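Undergrad: Below is run.cif; it holds mmCIF, C-alpha atoms.
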data_protein
loop_
_atom_site.group_PDB
_atom_site.id
_atom_site.type_symbol
_atom_site.label_atom_id
_atom_site.label_comp_id
_atom_site.auth_asym_id
_atom_site.auth_seq_id
_atom_site.Cartn_x
_atom_site.Cartn_y
_atom_site.Cartn_z
ATOM 1 C CA MET A 219 -4.429 9.731 -19.110
ATOM 2 C CA GLU A 220 -6.808 12.544 -20.050
ATOM 3 C CA LYS A 221 -9.615 9.952 -20.235
ATOM 4 C CA ILE A 222 -9.324 9.280 -16.492
ATOM 5 C CA GLU A 223 -12.087 11.107 -14.612
ATOM 6 C CA HIS A 224 -11.536 12.771 -11.246
ATOM 7 C CA MET A 225 -14.120 13.493 -8.573
ATOM 8 C CA THR A 226 -14.361 14.141 -4.855
ATOM 9 C CA VAL A 227 -16.879 12.283 -2.712
ATOM 10 C CA ALA A 228 -17.863 12.575 0.952
ATOM 11 C CA THR A 229 -17.337 9.357 2.895
ATOM 12 C CA ASN A 230 -16.946 8.510 6.582
ATOM 13 C CA GLY A 231 -16.495 12.150 7.574
ATOM 14 C CA ILE A 232 -13.830 13.057 4.995
ATOM 15 C CA ASN A 233 -13.714 14.216 1.384
ATOM 16 C CA MET A 234 -12.018 11.590 -0.782
ATOM 17 C CA HIS A 235 -10.564 12.125 -4.241
ATOM 18 C CA ILE A 236 -10.982 9.248 -6.683
ATOM 19 C CA ALA A 237 -9.699 8.637 -10.195
ATOM 20 C CA SER A 238 -11.857 6.379 -12.329
ATOM 21 C CA ILE A 239 -12.271 5.110 -15.864
ATOM 22 C CA GLY A 240 -14.258 2.460 -17.696
ATOM 23 C CA ARG A 241 -17.504 0.548 -17.396
ATOM 24 C CA GLY A 242 -18.237 -2.952 -16.236
ATOM 25 C CA PRO A 243 -17.401 -4.923 -13.088
ATOM 26 C CA ALA A 244 -15.629 -2.661 -10.605
ATOM 27 C CA ILE A 245 -11.988 -2.930 -9.517
ATOM 28 C CA LEU A 246 -10.879 -0.912 -6.498
ATOM 29 C CA PHE A 247 -7.138 -0.102 -6.383
ATOM 30 C CA LEU A 248 -5.434 0.814 -3.087
ATOM 31 C CA HIS A 249 -2.025 2.526 -3.029
ATOM 32 C CA GLY A 250 0.676 2.536 -0.349
ATOM 33 C CA PHE A 251 3.363 4.877 1.044
ATOM 34 C CA PRO A 252 4.479 7.357 -0.173
ATOM 35 C CA ASP A 253 2.102 6.998 -3.033
ATOM 36 C CA LEU A 254 -1.093 8.200 -4.675
ATOM 37 C CA TRP A 255 -3.863 6.989 -6.980
ATOM 38 C CA TYR A 256 -1.289 7.766 -9.679
ATOM 39 C CA THR A 257 0.685 4.584 -8.960
ATOM 40 C CA TRP A 258 -2.130 2.672 -10.711
ATOM 41 C CA ARG A 259 -2.254 4.869 -13.844
ATOM 42 C CA HIS A 260 -1.112 2.037 -16.148
ATOM 43 C CA GLN A 261 -3.497 -0.512 -14.639
ATOM 44 C CA LEU A 262 -6.448 1.908 -14.852
ATOM 45 C CA LEU A 263 -5.919 2.323 -18.583
ATOM 46 C CA ALA A 264 -5.164 -1.345 -19.301
ATOM 47 C CA LEU A 265 -8.013 -2.903 -17.327
ATOM 48 C CA SER A 266 -10.631 -0.329 -18.308
ATOM 49 C CA SER A 267 -9.864 -1.217 -21.926
ATOM 50 C CA LEU A 268 -10.657 -4.851 -21.066
ATOM 51 C CA GLY A 269 -14.144 -4.031 -19.813
ATOM 52 C CA TYR A 270 -13.742 -3.054 -16.166
ATOM 53 C CA ARG A 271 -14.708 -0.008 -14.128
ATOM 54 C CA CYS A 272 -11.440 0.987 -12.472
ATOM 55 C CA ILE A 273 -11.441 3.143 -9.334
ATOM 56 C CA ALA A 274 -8.322 4.393 -7.552
ATOM 57 C CA PRO A 275 -8.707 6.736 -4.569
ATOM 58 C CA ASP A 276 -6.144 8.864 -2.849
ATOM 59 C CA LEU A 277 -6.419 7.214 0.558
ATOM 60 C CA ARG A 278 -7.043 9.192 3.755
ATOM 61 C CA GLY A 279 -4.133 11.585 4.309
ATOM 62 C CA TYR A 280 -2.872 11.552 0.717
ATOM 63 C CA GLY A 281 -3.062 13.689 -2.389
ATOM 64 C CA ASP A 282 -6.395 15.453 -2.897
ATOM 65 C CA THR A 283 -8.153 13.530 -0.105
ATOM 66 C CA ASP A 284 -8.599 15.080 3.348
ATOM 67 C CA ALA A 285 -5.916 14.496 5.975
ATOM 68 C CA PRO A 286 -7.336 14.556 9.515
ATOM 69 C CA VAL A 287 -4.935 16.169 11.987
ATOM 70 C CA SER A 288 -5.286 13.564 14.732
ATOM 71 C CA VAL A 289 -2.697 10.771 14.540
ATOM 72 C CA THR A 290 -5.220 8.272 15.887
ATOM 73 C CA GLU A 291 -7.593 8.734 12.928
ATOM 74 C CA TYR A 292 -5.500 6.523 10.640
ATOM 75 C CA THR A 293 -6.243 3.033 11.942
ATOM 76 C CA ALA A 294 -7.244 0.271 9.539
ATOM 77 C CA PHE A 295 -10.788 0.734 10.869
ATOM 78 C CA HIS A 296 -10.894 4.364 9.727
ATOM 79 C CA VAL A 297 -9.513 3.624 6.267
ATOM 80 C CA VAL A 298 -11.710 0.567 5.678
ATOM 81 C CA GLY A 299 -14.659 2.700 6.800
ATOM 82 C CA ASP A 300 -13.730 5.258 4.141
ATOM 83 C CA LEU A 301 -13.735 2.552 1.475
ATOM 84 C CA VAL A 302 -17.003 0.903 2.502
ATOM 85 C CA GLY A 303 -18.597 4.350 2.451
ATOM 86 C CA LEU A 304 -17.115 4.949 -0.994
ATOM 87 C CA LEU A 305 -18.567 1.709 -2.365
ATOM 88 C CA ASP A 306 -21.959 2.536 -0.871
ATOM 89 C CA LEU A 307 -21.892 6.024 -2.393
ATOM 90 C CA LEU A 308 -20.964 4.658 -5.829
ATOM 91 C CA GLY A 309 -23.690 2.012 -5.584
ATOM 92 C CA ILE A 310 -21.231 -0.874 -5.849
ATOM 93 C CA ASP A 311 -22.162 -4.011 -3.936
ATOM 94 C CA ARG A 312 -19.067 -6.141 -4.558
ATOM 95 C CA VAL A 313 -15.663 -5.339 -6.089
ATOM 96 C CA PHE A 314 -12.471 -6.885 -7.245
ATOM 97 C CA LEU A 315 -9.783 -5.517 -4.929
ATOM 98 C CA VAL A 316 -6.131 -4.738 -5.752
ATOM 99 C CA GLY A 317 -3.660 -3.479 -3.151
ATOM 100 C CA HIS A 318 0.025 -2.619 -2.845
ATOM 101 C CA ASP A 319 2.187 -1.875 0.219
ATOM 102 C CA TRP A 320 -0.040 -0.105 2.814
ATOM 103 C CA GLY A 321 -2.851 -0.532 0.325
ATOM 104 C CA ALA A 322 -2.286 -4.285 0.638
ATOM 105 C CA ILE A 323 -2.524 -4.065 4.431
ATOM 106 C CA ILE A 324 -5.778 -2.122 4.141
ATOM 107 C CA ALA A 325 -7.030 -4.657 1.574
ATOM 108 C CA TRP A 326 -6.412 -7.544 3.994
ATOM 109 C CA HIS A 327 -8.408 -5.693 6.650
ATOM 110 C CA LEU A 328 -11.217 -4.904 4.231
ATOM 111 C CA CYS A 329 -11.431 -8.625 3.435
ATOM 112 C CA LEU A 330 -11.399 -9.514 7.150
ATOM 113 C CA PHE A 331 -14.115 -7.004 8.039
ATOM 114 C CA ARG A 332 -16.326 -7.117 4.942
ATOM 115 C CA PRO A 333 -15.731 -10.230 2.837
ATOM 116 C CA ASP A 334 -19.290 -9.808 1.582
ATOM 117 C CA ARG A 335 -18.089 -6.802 -0.467
ATOM 118 C CA ILE A 336 -15.126 -8.547 -2.165
ATOM 119 C CA LYS A 337 -15.235 -10.829 -5.225
ATOM 120 C CA ALA A 338 -11.496 -11.567 -5.282
ATOM 121 C CA LEU A 339 -8.245 -9.939 -4.194
ATOM 122 C CA VAL A 340 -4.923 -9.383 -5.960
ATOM 123 C CA ASN A 341 -2.473 -8.175 -3.320
ATOM 124 C CA MET A 342 1.119 -7.042 -3.766
ATOM 125 C CA SER A 343 4.227 -6.829 -1.588
ATOM 126 C CA VAL A 344 2.767 -7.292 1.910
ATOM 127 C CA ALA A 345 1.494 -10.731 2.903
ATOM 128 C CA LEU A 346 -1.037 -11.256 5.702
ATOM 129 C CA TYR A 347 0.414 -12.480 8.979
ATOM 130 C CA PRO A 348 -1.514 -13.841 11.961
ATOM 131 C CA ARG A 349 -1.939 -11.376 14.807
ATOM 132 C CA ASN A 350 0.558 -12.036 17.600
ATOM 133 C CA PRO A 351 -1.482 -11.412 20.768
ATOM 134 C CA HIS A 352 1.654 -11.100 22.906
ATOM 135 C CA LYS A 353 3.672 -8.373 21.199
ATOM 136 C CA LYS A 354 2.836 -5.131 19.417
ATOM 137 C CA PRO A 355 4.031 -4.891 15.799
ATOM 138 C CA VAL A 356 6.336 -1.882 16.258
ATOM 139 C CA GLU A 357 8.070 -3.650 19.152
ATOM 140 C CA ARG A 358 8.524 -6.754 17.006
ATOM 141 C CA TYR A 359 10.224 -4.652 14.326
ATOM 142 C CA ARG A 360 12.366 -2.961 16.970
ATOM 143 C CA ASP A 361 13.470 -6.361 18.281
ATOM 144 C CA LEU A 362 14.261 -7.566 14.751
ATOM 145 C CA PHE A 363 15.970 -4.492 13.293
ATOM 146 C CA GLY A 364 16.688 -1.986 16.062
ATOM 147 C CA ASP A 365 15.685 1.616 16.728
ATOM 148 C CA ASP A 366 17.032 2.875 13.387
ATOM 149 C CA PHE A 367 14.659 0.720 11.332
ATOM 150 C CA TYR A 368 12.506 3.088 9.269
ATOM 151 C CA ILE A 369 9.173 1.970 10.778
ATOM 152 C CA CYS A 370 10.538 2.654 14.267
ATOM 153 C CA ARG A 371 11.919 6.007 13.145
ATOM 154 C CA PHE A 372 8.501 6.998 11.746
ATOM 155 C CA GLN A 373 6.764 6.682 15.129
ATOM 156 C CA GLU A 374 7.402 10.073 16.747
ATOM 157 C CA PRO A 375 5.019 12.714 15.296
ATOM 158 C CA GLY A 376 6.852 15.596 13.686
ATOM 159 C CA GLU A 377 10.341 14.135 13.863
ATOM 160 C CA ILE A 378 10.542 12.601 10.397
ATOM 161 C CA GLU A 379 8.500 15.442 8.918
ATOM 162 C CA GLU A 380 11.257 17.798 10.111
ATOM 163 C CA ASP A 381 13.847 15.570 8.464
ATOM 164 C CA PHE A 382 11.866 15.402 5.206
ATOM 165 C CA ALA A 383 11.477 19.196 5.188
ATOM 166 C CA GLN A 384 15.240 19.544 4.757
ATOM 167 C CA ILE A 385 15.165 17.680 1.450
ATOM 168 C CA ASP A 386 13.777 18.781 -1.894
ATOM 169 C CA THR A 387 10.538 16.818 -2.276
ATOM 170 C CA SER A 388 11.440 15.624 -5.790
ATOM 171 C CA LYS A 389 14.700 14.179 -4.441
ATOM 172 C CA LEU A 390 12.830 12.509 -1.599
ATOM 173 C CA ILE A 391 10.353 10.903 -4.011
ATOM 174 C CA ARG A 392 13.266 9.564 -6.057
ATOM 175 C CA ARG A 393 14.825 8.090 -2.924
ATOM 176 C CA PHE A 394 11.592 6.309 -2.060
ATOM 177 C CA LEU A 395 10.553 5.033 -5.488
ATOM 178 C CA THR A 396 13.811 3.945 -7.108
ATOM 179 C CA PRO A 397 15.906 1.822 -4.653
ATOM 180 C CA ARG A 398 16.643 -1.708 -5.799
ATOM 181 C CA SER A 399 18.506 -3.011 -2.770
ATOM 182 C CA PRO A 400 16.656 -5.791 -0.948
ATOM 183 C CA LYS A 401 18.292 -4.707 2.319
ATOM 184 C CA GLN A 402 16.110 -3.234 5.049
ATOM 185 C CA ILE A 403 16.035 0.556 5.438
ATOM 186 C CA HIS A 404 17.910 1.846 8.474
ATOM 187 C CA VAL A 405 18.022 5.603 9.066
ATOM 188 C CA PRO A 406 20.132 6.684 12.069
ATOM 189 C CA LYS A 407 18.898 9.934 13.638
ATOM 190 C CA GLU A 408 22.220 11.656 13.132
ATOM 191 C CA ILE A 409 22.082 10.940 9.367
ATOM 192 C CA GLY A 410 18.353 11.068 8.643
ATOM 193 C CA PHE A 411 16.765 10.697 5.221
ATOM 194 C CA ARG A 412 18.466 13.983 4.353
ATOM 195 C CA GLY A 413 21.828 12.194 4.613
ATOM 196 C CA LEU A 414 20.992 9.284 2.323
ATOM 197 C CA PRO A 415 22.752 9.297 -1.067
ATOM 198 C CA ASP A 416 20.898 10.528 -4.117
ATOM 199 C CA PRO A 417 19.752 7.715 -6.393
ATOM 200 C CA PRO A 418 21.298 7.340 -9.848
ATOM 201 C CA ALA A 419 19.424 8.368 -12.997
ATOM 202 C CA LEU A 420 15.714 7.649 -13.063
ATOM 203 C CA PRO A 421 14.763 4.149 -14.262
ATOM 204 C CA SER A 422 12.987 3.851 -17.597
ATOM 205 C CA TRP A 423 9.628 3.279 -15.900
ATOM 206 C CA LEU A 424 9.672 6.569 -13.964
ATOM 207 C CA SER A 425 9.780 9.919 -15.774
ATOM 208 C CA GLU A 426 10.636 13.390 -14.544
ATOM 209 C CA ALA A 427 6.980 14.288 -15.083
ATOM 210 C CA ASP A 428 5.938 11.391 -12.812
ATOM 211 C CA VAL A 429 8.306 12.567 -10.076
ATOM 212 C CA GLU A 430 7.050 16.134 -10.362
ATOM 213 C CA TYR A 431 3.424 14.984 -10.109
ATOM 214 C CA TYR A 432 4.211 13.181 -6.864
ATOM 215 C CA ALA A 433 6.246 16.119 -5.555
ATOM 216 C CA SER A 434 3.471 18.624 -6.319
ATOM 217 C CA LYS A 435 0.942 16.616 -4.304
ATOM 218 C CA PHE A 436 3.246 15.963 -1.344
ATOM 219 C CA ASN A 437 4.344 19.610 -1.312
ATOM 220 C CA LEU A 438 0.697 20.559 -0.849
ATOM 221 C CA LYS A 439 -0.343 17.808 1.560
ATOM 222 C CA GLY A 440 2.865 16.936 3.383
ATOM 223 C CA PHE A 441 3.781 13.437 4.559
ATOM 224 C CA SER A 442 2.103 13.340 7.986
ATOM 225 C CA GLY A 443 -1.041 11.595 6.751
ATOM 226 C CA GLY A 444 0.907 8.716 5.241
ATOM 227 C CA LEU A 445 3.247 8.511 8.226
ATOM 228 C CA ASN A 446 0.268 8.290 10.570
ATOM 229 C CA TYR A 447 -0.566 4.842 9.162
ATOM 230 C CA TYR A 448 2.713 3.651 10.692
ATOM 231 C CA ARG A 449 1.965 5.519 13.921
ATOM 232 C CA CYS A 450 -1.369 3.682 14.198
ATOM 233 C CA MET A 451 0.112 0.206 13.746
ATOM 234 C CA ASN A 452 0.036 -0.547 17.472
ATOM 235 C CA LEU A 453 -3.418 0.999 17.909
ATOM 236 C CA THR A 454 -4.845 -1.088 15.069
ATOM 237 C CA TRP A 455 -3.194 -4.162 16.647
ATOM 238 C CA GLU A 456 -4.928 -3.407 19.974
ATOM 239 C CA LEU A 457 -8.319 -2.936 18.321
ATOM 240 C CA MET A 458 -7.900 -6.115 16.249
ATOM 241 C CA ALA A 459 -7.979 -8.394 19.311
ATOM 242 C CA PRO A 460 -11.479 -9.738 18.506
ATOM 243 C CA TRP A 461 -10.259 -10.831 15.056
ATOM 244 C CA THR A 462 -7.233 -12.797 16.344
ATOM 245 C CA GLY A 463 -6.871 -15.990 14.328
ATOM 246 C CA LEU A 464 -9.518 -15.088 11.740
ATOM 247 C CA GLN A 465 -8.799 -16.213 8.177
ATOM 248 C CA VAL A 466 -9.270 -14.170 5.005
ATOM 249 C CA LYS A 467 -11.792 -16.206 3.056
ATOM 250 C CA VAL A 468 -11.873 -14.597 -0.371
ATOM 251 C CA PRO A 469 -10.001 -15.849 -3.469
ATOM 252 C CA VAL A 470 -6.484 -14.368 -3.448
ATOM 253 C CA LYS A 471 -3.538 -13.959 -5.803
ATOM 254 C CA PHE A 472 -0.359 -12.601 -4.223
ATOM 255 C CA MET A 473 2.462 -10.894 -6.105
ATOM 256 C CA VAL A 474 5.877 -9.641 -4.986
ATOM 257 C CA GLY A 475 9.188 -8.650 -6.560
ATOM 258 C CA SER A 476 12.208 -10.763 -5.660
ATOM 259 C CA LEU A 477 14.084 -7.592 -4.668
ATOM 260 C CA ASP A 478 11.227 -6.194 -2.575
ATOM 261 C CA LEU A 479 12.431 -5.447 0.944
ATOM 262 C CA THR A 480 9.116 -6.833 2.265
ATOM 263 C CA TYR A 481 10.112 -10.203 0.737
ATOM 264 C CA THR A 482 13.672 -10.293 2.082
ATOM 265 C CA ILE A 483 12.789 -9.959 5.795
ATOM 266 C CA PRO A 484 14.120 -13.121 7.506
ATOM 267 C CA GLY A 485 11.505 -15.877 7.464
ATOM 268 C CA VAL A 486 9.118 -14.242 4.988
ATOM 269 C CA LYS A 487 9.965 -16.441 1.977
ATOM 270 C CA GLU A 488 9.515 -19.583 4.067
ATOM 271 C CA TYR A 489 6.212 -18.287 5.447
ATOM 272 C CA ILE A 490 4.857 -17.477 1.981
ATOM 273 C CA HIS A 491 6.016 -20.630 0.203
ATOM 274 C CA GLN A 492 5.959 -23.344 2.881
ATOM 275 C CA GLY A 493 2.336 -23.252 4.021
ATOM 276 C CA GLY A 494 2.161 -20.591 6.731
ATOM 277 C CA PHE A 495 0.528 -17.998 4.467
ATOM 278 C CA LYS A 496 -2.009 -20.522 3.172
ATOM 279 C CA LYS A 497 -3.156 -21.294 6.721
ATOM 280 C CA ILE A 498 -4.478 -17.780 7.263
ATOM 281 C CA VAL A 499 -5.453 -17.231 3.598
ATOM 282 C CA PRO A 500 -6.982 -20.635 2.746
ATOM 283 C CA PHE A 501 -8.271 -19.527 -0.671
ATOM 284 C CA LEU A 502 -4.817 -18.355 -1.786
ATOM 285 C CA GLN A 503 -4.711 -19.582 -5.382
ATOM 286 C CA GLU A 504 -1.479 -18.145 -6.784
ATOM 287 C CA VAL A 505 1.808 -16.686 -5.586
ATOM 288 C CA VAL A 506 3.823 -14.820 -8.212
ATOM 289 C CA VAL A 507 7.428 -13.784 -7.535
ATOM 290 C CA MET A 508 8.668 -11.392 -10.213
ATOM 291 C CA GLU A 509 12.401 -11.992 -10.533
ATOM 292 C CA GLY A 510 14.676 -8.954 -10.487
ATOM 293 C CA VAL A 511 11.774 -6.609 -9.687
ATOM 294 C CA ALA A 512 11.762 -4.242 -6.698
ATOM 295 C CA HIS A 513 9.009 -2.838 -4.471
ATOM 296 C CA PHE A 514 6.948 -0.743 -6.924
ATOM 297 C CA LEU A 515 6.264 -3.683 -9.233
ATOM 298 C CA ASN A 516 3.016 -2.205 -10.581
ATOM 299 C CA GLN A 517 4.993 0.725 -12.001
ATOM 300 C CA GLU A 518 8.201 -1.111 -12.876
ATOM 301 C CA LYS A 519 6.421 -3.885 -14.811
ATOM 302 C CA PRO A 520 3.018 -2.351 -15.619
ATOM 303 C CA ASP A 521 2.029 -4.585 -18.533
ATOM 304 C CA GLU A 522 2.927 -7.809 -16.723
ATOM 305 C CA VAL A 523 1.132 -6.732 -13.554
ATOM 306 C CA SER A 524 -1.987 -5.696 -15.477
ATOM 307 C CA ALA A 525 -1.976 -9.066 -17.250
ATOM 308 C CA HIS A 526 -1.612 -10.908 -13.929
ATOM 309 C CA ILE A 527 -4.572 -9.003 -12.470
ATOM 310 C CA TYR A 528 -6.712 -9.667 -15.532
ATOM 311 C CA ASP A 529 -5.806 -13.367 -15.740
ATOM 312 C CA PHE A 530 -6.981 -13.817 -12.147
ATOM 313 C CA ILE A 531 -10.137 -11.720 -11.944
ATOM 314 C CA ARG A 532 -11.498 -12.900 -15.293
ATOM 315 C CA LYS A 533 -12.162 -16.284 -13.620
ATOM 316 C CA PHE A 534 -14.878 -14.835 -11.400
#
Would you encode the structure as structure tokens?
TA:
Amino acid sequence: MEKIEHMTVATNGINMHIASIGRGPAILFLHGFPDLWYTWRHQLLALSSLGYRCIAPDLRGYGDTDAPVSVTEYTAFHVVGDLVGLLDLLGIDRVFLVGHDWGAIIAWHLCLFRPDRIKALVNMSVALYPRNPHKKPVERYRDLFGDDFYICRFQEPGEIEEDFAQIDTSKLIRRFLTPRSPKQIHVPKEIGFRGLPDPPALPSWLSEADVEYYASKFNLKGFSGGLNYYRCMNLTWELMAPWTGLQVKVPVKFMVGSLDLTYTIPGVKEYIHQGGFKKIVPFLQEVVVMEGVAHFLNQEKPDEVSAHIYDFIRKF
């Protein structure tokens, strides 16, 4: 880990922290919520040893990267702009791209907006879905799962932050990173995240030191930046109208754990495996379902995930 270099760069009006290691063709790793560059620590070491330049930023709002105060400065357009600026600053024309969770969503948008900058994509957990021009995404989730669904509960600025503030940050990180239930997350207001049960002992893939690293960064930065991605879902949807129906036309490998709650939403398995996904991602070459693995597959099964990334990008 001490071989990983850290630097801060100015891009798109913010200061962005990046972790990097290695030389060779560049791989850009994008994390999700509530996460950091640190989620990719195993992949940075593994793939740099195989001859790649590995770069993992703290995305806008996270870790040691700036967190603009305005809720509306967290659309996919803002975050993709940060990343294009980062590539320009580093002098990188085209990259291999790897995303997980919200990082996967941003990766899809980066491929939609700037396919000229992407050699190939390995995306995890969140598939790409065609834009529904008739209904905003938060309303679709509300119709499916009700007002207590976590994405709906995240919408009101300050409300969830107040809830989170009543919980020790280390405990909160454990509650986010360790669940293995494929059931959707519902958090009634009267219970809140503060009322959820503590998880059992840490799994073998997550150490106390890992939890404390996360907690130290979120104690400094807070959670508002990450939550604002959810609060901009409808705004991004509105701004994406000109891209309705556009396909992602870069080579893609998609990976998901069988216990991932993104995979157990009704209709998702059929969409991924029965041709719907391929219609909007025509160069989808592989779909990997990791049996018995939950949401944070890159941390839970680091060696397997690193091997899957390498086996795909080495073709290009």
Undergrad: Tell me which residues the PyMOL selection byres ((chain A and resi 259-269) around 12) grabs here, as a ChimeraX atom specification.
TA: /A:219-223,236-249,253-258,270-275,314,316-317,423-424,428,515-529,531-532
Undergrad: Determine, counting all atoms listed in the file, which protein, DNA and RNA residues have an atom within 10 Å of an atom of A:Val470; residues of the same chain fewer than 6 positions away are not included. Present the result as a list in words.
TA: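 Surrounding residues, per the criterion: Leu315, Val316, Lys337, Ala338, Leu339, Val340, Asn341, Val499, Pro500, Phe501, Leu502, Gln503, Glu504, Val505, Phe530 and Ile531 of chain A.
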Undergrad: A:Met225, A:Cys450, A:Leu277, A:Ala419: which is nearest A:Pro252, counting only C-alpha atoms?
TA: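 Of all the options, A:Leu277 lies closest to A:Pro252.
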Undergrad: Check the smallest atom-to-atom distance from each of A:Leu438, A:Leu420, A:Ile323, A:Val344 to A:Thr283 using all atoms listed in the file, then report the winner.
TA: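 Closest candidate: A:Leu438.
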Undergrad: Selected by the PyMOL selection byres ((chain A and resi 479) around 6) in the shown coordinates: which residues, as number ranges by chain?
TA: A: 400, 402, 478, 480-482
Undergrad: Atom CA of A:Thr293 to atom CA of A:Asn230: how many Å, to one decimal?
TA: 13.2 Å
Undergrad: If the PyMOL selection byres ((chain A and resi 372) around 12) is run on the structure shown, which residues does it catch, given as a PyMOL selection string?
TA: chain A and resi 356+360+365-371+373-382+403-407+410-411+441-451
Undergrad: Store the residues of this selection in a file with C-alpha atoms, as an mmCIF file, in the frame of the given file.
TA:
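Okay, this is what ended up in part-v4.cif:
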data_model
loop_
_atom_site.group_PDB
_atom_site.id
_atom_site.type_symbol
_atom_site.label_atom_id
_atom_site.label_comp_id
_atom_site.auth_asym_id
_atom_site.auth_seq_id
_atom_site.Cartn_x
_atom_site.Cartn_y
_atom_site.Cartn_z
ATOM 1 C CA VAL A 356 6.336 -1.882 16.258
ATOM 2 C CA ARG A 360 12.366 -2.961 16.970
ATOM 3 C CA ASP A 365 15.685 1.616 16.728
ATOM 4 C CA ASP A 366 17.032 2.875 13.387
ATOM 5 C CA PHE A 367 14.659 0.720 11.332
ATOM 6 C CA TYR A 368 12.506 3.088 9.269
ATOM 7 C CA ILE A 369 9.173 1.970 10.778
ATOM 8 C CA CYS A 370 10.538 2.654 14.267
ATOM 9 C CA ARG A 371 11.919 6.007 13.145
ATOM 10 C CA GLN A 373 6.764 6.682 15.129
ATOM 11 C CA GLU A 374 7.402 10.073 16.747
ATOM 12 C CA PRO A 375 5.019 12.714 15.296
ATOM 13 C CA GLY A 376 6.852 15.596 13.686
ATOM 14 C CA GLU A 377 10.341 14.135 13.863
ATOM 15 C CA ILE A 378 10.542 12.601 10.397
ATOM 16 C CA GLU A 379 8.500 15.442 8.918
ATOM 17 C CA GLU A 380 11.257 17.798 10.111
ATOM 18 C CA ASP A 381 13.847 15.570 8.464
ATOM 19 C CA PHE A 382 11.866 15.402 5.206
ATOM 20 C CA ILE A 403 16.035 0.556 5.438
ATOM 21 C CA HIS A 404 17.910 1.846 8.474
ATOM 22 C CA VAL A 405 18.022 5.603 9.066
ATOM 23 C CA PRO A 406 20.132 6.684 12.069
ATOM 24 C CA LYS A 407 18.898 9.934 13.638
ATOM 25 C CA GLY A 410 18.353 11.068 8.643
ATOM 26 C CA PHE A 411 16.765 10.697 5.221
ATOM 27 C CA PHE A 441 3.781 13.437 4.559
ATOM 28 C CA SER A 442 2.103 13.340 7.986
ATOM 29 C CA GLY A 443 -1.041 11.595 6.751
ATOM 30 C CA GLY A 444 0.907 8.716 5.241
ATOM 31 C CA LEU A 445 3.247 8.511 8.226
ATOM 32 C CA ASN A 446 0.268 8.290 10.570
ATOM 33 C CA TYR A 447 -0.566 4.842 9.162
ATOM 34 C CA TYR A 448 2.713 3.651 10.692
ATOM 35 C CA ARG A 449 1.965 5.519 13.921
ATOM 36 C CA CYS A 450 -1.369 3.682 14.198
ATOM 37 C CA MET A 451 0.112 0.206 13.746
#
Undergrad: Calculate how many Å separate atom CA of A:Asp306 from atom CA of A:Asp282, rounding to one decimal.
TA: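 Those two atoms sit 20.3 Å apart.
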Undergrad: List the spatial neighbours of A:Glu430 as number ranges by chain - criterion: any atom at most 12 Å away, all atoms listed in the file, same-chain residues fewer than 5 positions off excluded.
TA: A: 256, 386-392, 424-425, 435-437
